[in-house]
2 protein chains.
Amino acid sequence: MARDSKNTNGDRYAPGLDEVSLAIIEQLQEDGRRPYAAIGKAVGLSEAAVRQRVQKLQEQGVMQIVAVTDPLTVGFLRQAMLGVTVDGDVEPVADALAEIDEVDYVVIAAGSFDLLVEVVCQDDEHLLDLINKRIRALPGVRSTESFVYLKLRKQTYTWGTR
Amino acid sequence: MARDSKNTNGDRYAPGLDEVSLAIIEQLQEDGRRPYAAIGKAVGLSEAAVRQRVQKLQEQGVMQIVAVTDPLTVGFLRQAMLGVTVDGDVEPVADALAEIDEVDYVVIAAGSFDLLVEVVCQDDEHLLDLINKRIRALPGVRSTESFVYLKLRKQTYTWGTR
DNA sequence: CTTCATCACTTCGGATTGCATTGCTAACGG
DNA sequence: CCGTTAGCAATGCAATCCGAAGTGATGAAG
């Protein structure tokens, strides 16, 4: 396989991210606990080589292996997406939002919102407090719009394996 | 441990989801590959019991253990959030959207959008085609608004461990 | 009260896997 | 030509995984 495990991609990937690493990621998107040896057989590497790559990918922040759930199913939580518009530079506002514990997802976007922010709360009161007292109060935040989650319908991570 | 591993929660959780299972999920949110024995020591169960619970949680669809990445970092992708408004019943539209491969996230929400839909595409043309020809064409979809992702700033799954 | 079934957990042993180490090869720069 | 670095394969031992079997508690039926 892959005599050219060097980049053939014109630097569109993160450094050191070749097609072999992509194949490893695909394997782990299907099952995060798949043994290294099985992955190695699938991508044409030894067990140790796979392990080293996985470790490096995680250290670089390219990939993380975690349990994901539907917070609403797990119970004690209210969840919402916030559309945020910003005055001035977007990045510092994104950074400030990212530091809030209840915020689990921050994306800088193009469109009628500058930022999309997903939040997880204990209950409605907690959510209200978070939005009004802590998020709207941030310097640079011009306005927010809330979309409270009613039901999670799909949540997949296997887009790498289409 | 926990003489009352029966529900003390008034049915707010999915069936069979007690505080021990929550503790297991927390462990795996920190590290999806943590050994069962280590988890068992942390939550006060034997290795085998943890293994049985994790298996059941995955079978029930409560939890999945996967690799997650930033698609934009991995390279060959355009990503966006779509706000969708619907005529009539929302659920069948959500189902139809969930069946599309490029759609990785579907939430039924309250607010000026009925649905929030995250999509992952190869490039701009692919995205355009998906939105105009396949999503807007779905029966029941009244309108869509797009937020193209510029940069992912935060993505965590450890909300269970605050 | 007894019996039977179920459920969650534990214990146990063998098979598998993870991991640190070692050595090999190729690529690069002086 | 030599030294350095990086990535991978191979090896051996410890740790982990996994299926099977056993135990005790609970609840329902006779």
# chains A, B, ... in the order shown; residues from 1 in each chain; ligands from 1
>>> interface_residues(of="chain B", to="chain D", cutoff="10 Å", atoms="only C-alpha atoms (C1' of nucleotides)", output="mmCIF file with N, CA and C atoms, in the first residue's frame")
data_model
loop_
_atom_site.group_PDB
_atom_site.id
_atom_site.type_symbol
_atom_site.label_atom_id
_atom_site.label_comp_id
_atom_site.auth_asym_id
_atom_site.auth_seq_id
_atom_site.Cartn_x
_atom_site.Cartn_y
_atom_site.Cartn_z
ATOM 1 N N PRO B 35 -9.344 1.211 30.131
ATOM 2 C CA PRO B 35 -9.612 -0.213 30.396
ATOM 3 C C PRO B 35 -10.788 -0.404 31.343
ATOM 4 N N TYR B 36 -11.490 -1.520 31.140
ATOM 5 C CA TYR B 36 -12.650 -1.799 31.970
ATOM 6 C C TYR B 36 -12.270 -1.911 33.437
ATOM 7 N N ALA B 37 -11.124 -2.492 33.703
ATOM 8 C CA ALA B 37 -10.713 -2.670 35.095
ATOM 9 C C ALA B 37 -10.529 -1.321 35.783
ATOM 10 N N GLU B 47 -14.512 -5.732 36.830
ATOM 11 C CA GLU B 47 -14.228 -5.492 35.415
ATOM 12 C C GLU B 47 -15.333 -6.040 34.531
ATOM 13 N N ALA B 48 -15.782 -7.248 34.845
ATOM 14 C CA ALA B 48 -16.797 -7.883 33.999
ATOM 15 C C ALA B 48 -18.116 -7.113 34.040
ATOM 16 N N ARG B 51 -17.912 -4.179 31.826
ATOM 17 C CA ARG B 51 -17.974 -4.609 30.428
ATOM 18 C C ARG B 51 -19.402 -4.900 30.000
#
>>> select_by_dssp(residues="range 64-128 of chain A", states="alpha helix (DSSP H)", output="list of chain:residue names")
A:Pro71, A:Leu72, A:Thr73, A:Val74, A:Glu91, A:Pro92, A:Val93, A:Ala94, A:Asp95, A:Ala96, A:Leu97, A:Ala98, A:Asp124, A:Glu125, A:His126, A:Leu127, A:Leu128
>>> select_by_dssp(residues="range 1-140 of chain B", states="strand (DSSP E)", output="PyMOL selection string")
chain B and resi 63-69+78-86+103-110+115-121
>>> interface_residues(of="chain C", to="chain A", cutoff="10 Å", atoms="only C-alpha atoms (C1' of nucleotides)", output="ChimeraX atom specification")
/C:16-19
>>> write_last_selection(atoms="N, CA and C atoms (P, O5', C5', C4', C3', O3' and C1' of nucleotides)", output="PDB file, in the first residue's frame")
ATOM      1  P    DT C  16      -6.973 -16.217  20.341  1.00  0.00           P
ATOM      2  O5'  DT C  16      -6.891 -14.677  20.727  1.00  0.00           O
ATOM      3  C5'  DT C  16      -8.063 -14.032  21.226  1.00  0.00           C
ATOM      4  C4'  DT C  16      -7.702 -12.645  21.694  1.00  0.00           C
ATOM      5  C3'  DT C  16      -6.829 -11.854  20.700  1.00  0.00           C
ATOM      6  O3'  DT C  16      -7.566 -10.704  20.320  1.00  0.00           O
ATOM      7  C1'  DT C  16      -6.006 -11.680  22.935  1.00  0.00           C
ATOM      8  P    DT C  17      -6.920  -9.659  19.284  1.00  0.00           P
ATOM      9  O5'  DT C  17      -6.303  -8.580  20.289  1.00  0.00           O
ATOM     10  C5'  DT C  17      -7.100  -8.141  21.370  1.00  0.00           C
ATOM     11  C4'  DT C  17      -6.305  -7.226  22.272  1.00  0.00           C
ATOM     12  C3'  DT C  17      -5.501  -6.156  21.519  1.00  0.00           C
ATOM     13  O3'  DT C  17      -5.871  -4.900  22.009  1.00  0.00           O
ATOM     14  C1'  DT C  17      -4.149  -7.271  23.139  1.00  0.00           C
ATOM     15  P    DG C  18      -5.142  -3.583  21.442  1.00  0.00           P
ATOM     16  O5'  DG C  18      -4.103  -3.281  22.615  1.00  0.00           O
ATOM     17  C5'  DG C  18      -4.601  -3.080  23.932  1.00  0.00           C
ATOM     18  C4'  DG C  18      -3.456  -2.743  24.879  1.00  0.00           C
ATOM     19  C3'  DG C  18      -2.605  -1.540  24.478  1.00  0.00           C
ATOM     20  O3'  DG C  18      -2.277  -0.836  25.660  1.00  0.00           O
ATOM     21  C1'  DG C  18      -1.241  -3.472  24.621  1.00  0.00           C
ATOM     22  P    DC C  19      -1.565   0.588  25.576  1.00  0.00           P
ATOM     23  O5'  DC C  19      -0.026   0.250  25.749  1.00  0.00           O
ATOM     24  C5'  DC C  19       0.401  -0.385  26.951  1.00  0.00           C
ATOM     25  C4'  DC C  19       1.868  -0.736  26.866  1.00  0.00           C
ATOM     26  C3'  DC C  19       2.749   0.355  26.220  1.00  0.00           C
ATOM     27  O3'  DC C  19       3.854   0.578  27.055  1.00  0.00           O
ATOM     28  C1'  DC C  19       3.214  -1.746  25.284  1.00  0.00           C
TER      29       DC C  19
END
>>> interface_residues(of="chain A", to="chain B", cutoff="8 Å", atoms="only C-alpha atoms", output="PyMOL selection string")
chain A and resi 12-14+17+22+25+28-33+62-70+73-76+94-95+98+101-102+104-113+120+146-157+159+162
>>> atom_distance(atom1="CA of Glu59 in chain B", atom2="CA of Thr161 in chain B")
23.0 Å
>>> decode(residues="range 4-17 of chain C", atoms="all heavy atoms", output="short mmCIF file (atom, residue, chain, number, x, y, z; two decimals), in the first residue's frame")
data_model
loop_
_atom_site.label_atom_id
_atom_site.label_comp_id
_atom_site.auth_asym_id
_atom_site.auth_seq_id
_atom_site.Cartn_x
_atom_site.Cartn_y
_atom_site.Cartn_z
P DC C 4 -39.07 -25.94 40.90
OP1 DC C 4 -39.51 -27.17 40.24
OP2 DC C 4 -37.76 -25.88 41.60
"O5'" DC C 4 -39.12 -24.76 39.84
"C5'" DC C 4 -40.37 -24.20 39.46
"C4'" DC C 4 -40.13 -22.83 38.84
"O4'" DC C 4 -40.04 -21.84 39.87
"C3'" DC C 4 -38.84 -22.75 38.02
"O3'" DC C 4 -39.14 -22.39 36.70
"C2'" DC C 4 -37.98 -21.73 38.76
"C1'" DC C 4 -39.03 -20.92 39.54
N1 DC C 4 -38.53 -20.31 40.80
C2 DC C 4 -38.83 -18.98 41.09
O2 DC C 4 -39.50 -18.32 40.30
N3 DC C 4 -38.39 -18.43 42.24
C4 DC C 4 -37.66 -19.16 43.10
N4 DC C 4 -37.25 -18.59 44.23
C5 DC C 4 -37.34 -20.53 42.82
C6 DC C 4 -37.79 -21.06 41.67
P DA C 5 -37.98 -22.28 35.63
OP1 DA C 5 -38.49 -22.87 34.38
OP2 DA C 5 -36.71 -22.76 36.21
"O5'" DA C 5 -37.90 -20.71 35.43
"C5'" DA C 5 -39.12 -19.95 35.37
"C4'" DA C 5 -38.78 -18.47 35.35
"O4'" DA C 5 -38.49 -18.04 36.70
"C3'" DA C 5 -37.56 -18.14 34.50
"O3'" DA C 5 -37.87 -17.03 33.66
"C2'" DA C 5 -36.48 -17.79 35.52
"C1'" DA C 5 -37.28 -17.32 36.72
N9 DA C 5 -36.64 -17.59 38.00
C8 DA C 5 -36.11 -18.78 38.42
N7 DA C 5 -35.60 -18.73 39.63
C5 DA C 5 -35.81 -17.42 40.03
C6 DA C 5 -35.50 -16.72 41.21
N6 DA C 5 -34.88 -17.27 42.25
N1 DA C 5 -35.84 -15.41 41.28
C2 DA C 5 -36.46 -14.85 40.23
N3 DA C 5 -36.81 -15.40 39.07
C4 DA C 5 -36.45 -16.71 39.04
P DT C 6 -36.79 -16.53 32.62
OP1 DT C 6 -37.51 -16.21 31.38
OP2 DT C 6 -35.64 -17.46 32.61
"O5'" DT C 6 -36.33 -15.16 33.30
"C5'" DT C 6 -37.28 -14.35 33.98
"C4'" DT C 6 -36.58 -13.19 34.66
"O4'" DT C 6 -36.10 -13.60 35.96
"C3'" DT C 6 -35.36 -12.67 33.89
"O3'" DT C 6 -35.41 -11.26 33.86
"C2'" DT C 6 -34.17 -13.17 34.71
"C1'" DT C 6 -34.76 -13.17 36.11
N1 DT C 6 -34.11 -14.10 37.07
C2 DT C 6 -33.84 -13.65 38.35
O2 DT C 6 -34.11 -12.52 38.72
N3 DT C 6 -33.24 -14.57 39.16
C4 DT C 6 -32.89 -15.89 38.83
O4 DT C 6 -32.37 -16.61 39.65
C5 DT C 6 -33.20 -16.28 37.48
C7 DT C 6 -32.86 -17.67 37.02
C6 DT C 6 -33.79 -15.38 36.67
P DC C 7 -34.58 -10.47 32.74
OP1 DC C 7 -35.50 -9.63 31.97
OP2 DC C 7 -33.68 -11.43 32.06
"O5'" DC C 7 -33.68 -9.51 33.63
"C5'" DC C 7 -34.20 -8.98 34.86
"C4'" DC C 7 -33.04 -8.72 35.81
"O4'" DC C 7 -32.73 -9.94 36.52
"C3'" DC C 7 -31.76 -8.30 35.10
"O3'" DC C 7 -31.43 -6.97 35.47
"C2'" DC C 7 -30.70 -9.31 35.55
"C1'" DC C 7 -31.35 -9.94 36.79
N1 DC C 7 -30.94 -11.35 37.05
C2 DC C 7 -30.55 -11.72 38.33
O2 DC C 7 -30.56 -10.87 39.24
N3 DC C 7 -30.19 -13.00 38.57
C4 DC C 7 -30.19 -13.89 37.57
N4 DC C 7 -29.82 -15.14 37.86
C5 DC C 7 -30.57 -13.53 36.25
C6 DC C 7 -30.94 -12.25 36.03
P DA C 8 -30.32 -6.21 34.58
OP1 DA C 8 -30.81 -4.84 34.30
OP2 DA C 8 -29.85 -7.09 33.49
"O5'" DA C 8 -29.15 -6.09 35.64
"C5'" DA C 8 -29.45 -5.66 36.96
"C4'" DA C 8 -28.30 -6.06 37.87
"O4'" DA C 8 -28.33 -7.49 38.06
"C3'" DA C 8 -26.93 -5.72 37.31
"O3'" DA C 8 -26.24 -4.88 38.22
"C2'" DA C 8 -26.23 -7.06 37.12
"C1'" DA C 8 -27.02 -7.97 38.06
N9 DA C 8 -27.06 -9.36 37.61
C8 DA C 8 -27.35 -9.83 36.36
N7 DA C 8 -27.30 -11.13 36.24
C5 DA C 8 -26.94 -11.56 37.50
C6 DA C 8 -26.72 -12.84 38.05
N6 DA C 8 -26.83 -13.97 37.33
N1 DA C 8 -26.37 -12.91 39.35
C2 DA C 8 -26.25 -11.77 40.05
N3 DA C 8 -26.44 -10.51 39.65
C4 DA C 8 -26.79 -10.48 38.36
P DC C 9 -24.78 -4.38 37.86
OP1 DC C 9 -24.67 -3.07 38.51
OP2 DC C 9 -24.57 -4.52 36.41
"O5'" DC C 9 -23.81 -5.40 38.61
"C5'" DC C 9 -23.95 -5.58 40.02
"C4'" DC C 9 -23.26 -6.88 40.44
"O4'" DC C 9 -23.87 -7.97 39.75
"C3'" DC C 9 -21.78 -6.94 40.08
"O3'" DC C 9 -20.99 -6.59 41.22
"C2'" DC C 9 -21.55 -8.41 39.71
"C1'" DC C 9 -22.93 -9.03 39.79
N1 DC C 9 -23.20 -9.94 38.63
C2 DC C 9 -23.06 -11.32 38.81
O2 DC C 9 -22.70 -11.74 39.92
N3 DC C 9 -23.29 -12.16 37.77
C4 DC C 9 -23.67 -11.65 36.59
N4 DC C 9 -23.91 -12.51 35.60
C5 DC C 9 -23.84 -10.26 36.39
C6 DC C 9 -23.58 -9.45 37.42
P DT C 10 -19.38 -6.60 41.06
OP1 DT C 10 -18.86 -5.78 42.18
OP2 DT C 10 -19.04 -6.26 39.67
"O5'" DT C 10 -18.98 -8.13 41.30
"C5'" DT C 10 -19.32 -8.78 42.52
"C4'" DT C 10 -18.83 -10.22 42.48
"O4'" DT C 10 -19.51 -10.93 41.41
"C3'" DT C 10 -17.32 -10.35 42.20
"O3'" DT C 10 -16.71 -11.03 43.28
"C2'" DT C 10 -17.23 -11.13 40.89
"C1'" DT C 10 -18.60 -11.78 40.76
N1 DT C 10 -19.07 -11.94 39.35
C2 DT C 10 -19.24 -13.19 38.81
O2 DT C 10 -19.01 -14.21 39.42
N3 DT C 10 -19.69 -13.20 37.52
C4 DT C 10 -19.98 -12.11 36.72
O4 DT C 10 -20.37 -12.25 35.57
C5 DT C 10 -19.77 -10.83 37.35
C7 DT C 10 -20.05 -9.58 36.58
C6 DT C 10 -19.34 -10.79 38.61
P DT C 11 -15.10 -11.11 43.36
OP1 DT C 11 -14.77 -11.09 44.80
OP2 DT C 11 -14.54 -10.10 42.45
"O5'" DT C 11 -14.77 -12.55 42.77
"C5'" DT C 11 -15.61 -13.65 43.08
"C4'" DT C 11 -15.23 -14.86 42.23
"O4'" DT C 11 -15.91 -14.79 40.95
"C3'" DT C 11 -13.74 -15.00 41.93
"O3'" DT C 11 -13.36 -16.35 42.16
"C2'" DT C 11 -13.64 -14.64 40.45
"C1'" DT C 11 -15.00 -15.10 39.93
N1 DT C 11 -15.49 -14.43 38.70
C2 DT C 11 -15.92 -15.20 37.65
O2 DT C 11 -15.91 -16.41 37.66
N3 DT C 11 -16.37 -14.48 36.57
C4 DT C 11 -16.42 -13.10 36.44
O4 DT C 11 -16.84 -12.56 35.43
C5 DT C 11 -15.95 -12.36 37.58
C7 DT C 11 -15.96 -10.87 37.55
C6 DT C 11 -15.51 -13.05 38.66
P DC C 12 -11.82 -16.79 42.25
OP1 DC C 12 -11.72 -17.85 43.28
OP2 DC C 12 -10.98 -15.57 42.33
"O5'" DC C 12 -11.61 -17.45 40.82
"C5'" DC C 12 -12.58 -18.39 40.34
"C4'" DC C 12 -12.21 -18.80 38.93
"O4'" DC C 12 -12.88 -17.92 37.99
"C3'" DC C 12 -10.72 -18.74 38.61
"O3'" DC C 12 -10.34 -19.91 37.92
"C2'" DC C 12 -10.61 -17.51 37.71
"C1'" DC C 12 -11.97 -17.55 36.99
N1 DC C 12 -12.42 -16.26 36.42
C2 DC C 12 -13.11 -16.24 35.20
O2 DC C 12 -13.34 -17.30 34.63
N3 DC C 12 -13.51 -15.06 34.68
C4 DC C 12 -13.25 -13.91 35.33
N4 DC C 12 -13.66 -12.78 34.79
C5 DC C 12 -12.54 -13.91 36.58
C6 DC C 12 -12.14 -15.09 37.08
P DG C 13 -8.79 -20.41 37.99
OP1 DG C 13 -8.75 -21.69 38.72
OP2 DG C 13 -7.93 -19.28 38.41
"O5'" DG C 13 -8.52 -20.71 36.46
"C5'" DG C 13 -9.42 -21.53 35.73
"C4'" DG C 13 -9.31 -21.23 34.26
"O4'" DG C 13 -9.90 -19.93 34.00
"C3'" DG C 13 -7.87 -21.17 33.75
"O3'" DG C 13 -7.76 -21.95 32.58
"C2'" DG C 13 -7.63 -19.69 33.48
"C1'" DG C 13 -9.04 -19.19 33.17
N9 DG C 13 -9.26 -17.78 33.48
C8 DG C 13 -8.78 -17.08 34.57
N7 DG C 13 -9.15 -15.83 34.57
C5 DG C 13 -9.90 -15.68 33.42
C6 DG C 13 -10.56 -14.55 32.90
O6 DG C 13 -10.61 -13.41 33.37
N1 DG C 13 -11.21 -14.84 31.70
C2 DG C 13 -11.24 -16.07 31.10
N2 DG C 13 -11.91 -16.16 29.96
N3 DG C 13 -10.62 -17.15 31.57
C4 DG C 13 -9.98 -16.88 32.74
P DG C 14 -6.33 -22.21 31.91
OP1 DG C 14 -6.11 -23.67 31.91
OP2 DG C 14 -5.32 -21.30 32.49
"O5'" DG C 14 -6.63 -21.77 30.41
"C5'" DG C 14 -7.89 -22.09 29.83
"C4'" DG C 14 -8.14 -21.19 28.63
"O4'" DG C 14 -8.43 -19.85 29.10
"C3'" DG C 14 -6.95 -21.08 27.68
"O3'" DG C 14 -7.44 -21.03 26.35
"C2'" DG C 14 -6.31 -19.76 28.10
"C1'" DG C 14 -7.52 -18.94 28.51
N9 DG C 14 -7.26 -17.89 29.50
C8 DG C 14 -6.49 -18.01 30.64
N7 DG C 14 -6.44 -16.90 31.34
C5 DG C 14 -7.22 -16.01 30.62
C6 DG C 14 -7.55 -14.65 30.88
O6 DG C 14 -7.20 -13.95 31.84
N1 DG C 14 -8.38 -14.12 29.89
C2 DG C 14 -8.82 -14.82 28.80
N2 DG C 14 -9.60 -14.14 27.95
N3 DG C 14 -8.54 -16.07 28.54
C4 DG C 14 -7.73 -16.61 29.49
P DA C 15 -6.41 -21.10 25.14
OP1 DA C 15 -6.84 -22.18 24.25
OP2 DA C 15 -5.03 -21.06 25.69
"O5'" DA C 15 -6.71 -19.72 24.41
"C5'" DA C 15 -8.06 -19.42 24.02
"C4'" DA C 15 -8.15 -17.96 23.64
"O4'" DA C 15 -7.90 -17.14 24.81
"C3'" DA C 15 -7.12 -17.52 22.59
"O3'" DA C 15 -7.80 -16.82 21.56
"C2'" DA C 15 -6.14 -16.64 23.36
"C1'" DA C 15 -6.99 -16.11 24.50
N9 DA C 15 -6.26 -15.81 25.74
C8 DA C 15 -5.44 -16.65 26.44
N7 DA C 15 -4.92 -16.10 27.52
C5 DA C 15 -5.43 -14.82 27.51
C6 DA C 15 -5.28 -13.73 28.39
N6 DA C 15 -4.50 -13.77 29.49
N1 DA C 15 -5.94 -12.58 28.10
C2 DA C 15 -6.71 -12.54 27.01
N3 DA C 15 -6.94 -13.50 26.11
C4 DA C 15 -6.27 -14.62 26.43
P DT C 16 -6.97 -16.22 20.34
OP1 DT C 16 -7.84 -16.33 19.16
OP2 DT C 16 -5.60 -16.77 20.35
"O5'" DT C 16 -6.89 -14.68 20.73
"C5'" DT C 16 -8.06 -14.03 21.23
"C4'" DT C 16 -7.70 -12.65 21.69
"O4'" DT C 16 -6.94 -12.72 22.92
"C3'" DT C 16 -6.83 -11.85 20.70
"O3'" DT C 16 -7.57 -10.70 20.32
"C2'" DT C 16 -5.56 -11.53 21.48
"C1'" DT C 16 -6.01 -11.68 22.94
N1 DT C 16 -4.95 -12.07 23.90
C2 DT C 16 -4.64 -11.21 24.95
O2 DT C 16 -5.17 -10.14 25.11
N3 DT C 16 -3.67 -11.68 25.80
C4 DT C 16 -3.00 -12.88 25.72
O4 DT C 16 -2.15 -13.19 26.55
C5 DT C 16 -3.37 -13.73 24.61
C7 DT C 16 -2.70 -15.06 24.43
C6 DT C 16 -4.32 -13.29 23.77
P DT C 17 -6.92 -9.66 19.28
OP1 DT C 17 -8.04 -9.01 18.59
OP2 DT C 17 -5.82 -10.29 18.54
"O5'" DT C 17 -6.30 -8.58 20.29
"C5'" DT C 17 -7.10 -8.14 21.37
"C4'" DT C 17 -6.30 -7.23 22.27
"O4'" DT C 17 -5.36 -7.99 23.05
"C3'" DT C 17 -5.50 -6.16 21.52
"O3'" DT C 17 -5.87 -4.90 22.01
"C2'" DT C 17 -4.04 -6.52 21.83
"C1'" DT C 17 -4.15 -7.27 23.14
N1 DT C 17 -3.09 -8.29 23.38
C2 DT C 17 -2.31 -8.19 24.51
O2 DT C 17 -2.44 -7.31 25.34
N3 DT C 17 -1.37 -9.20 24.65
C4 DT C 17 -1.14 -10.25 23.78
O4 DT C 17 -0.28 -11.07 24.01
C5 DT C 17 -1.99 -10.28 22.61
C7 DT C 17 -1.83 -11.37 21.59
C6 DT C 17 -2.91 -9.31 22.46
#
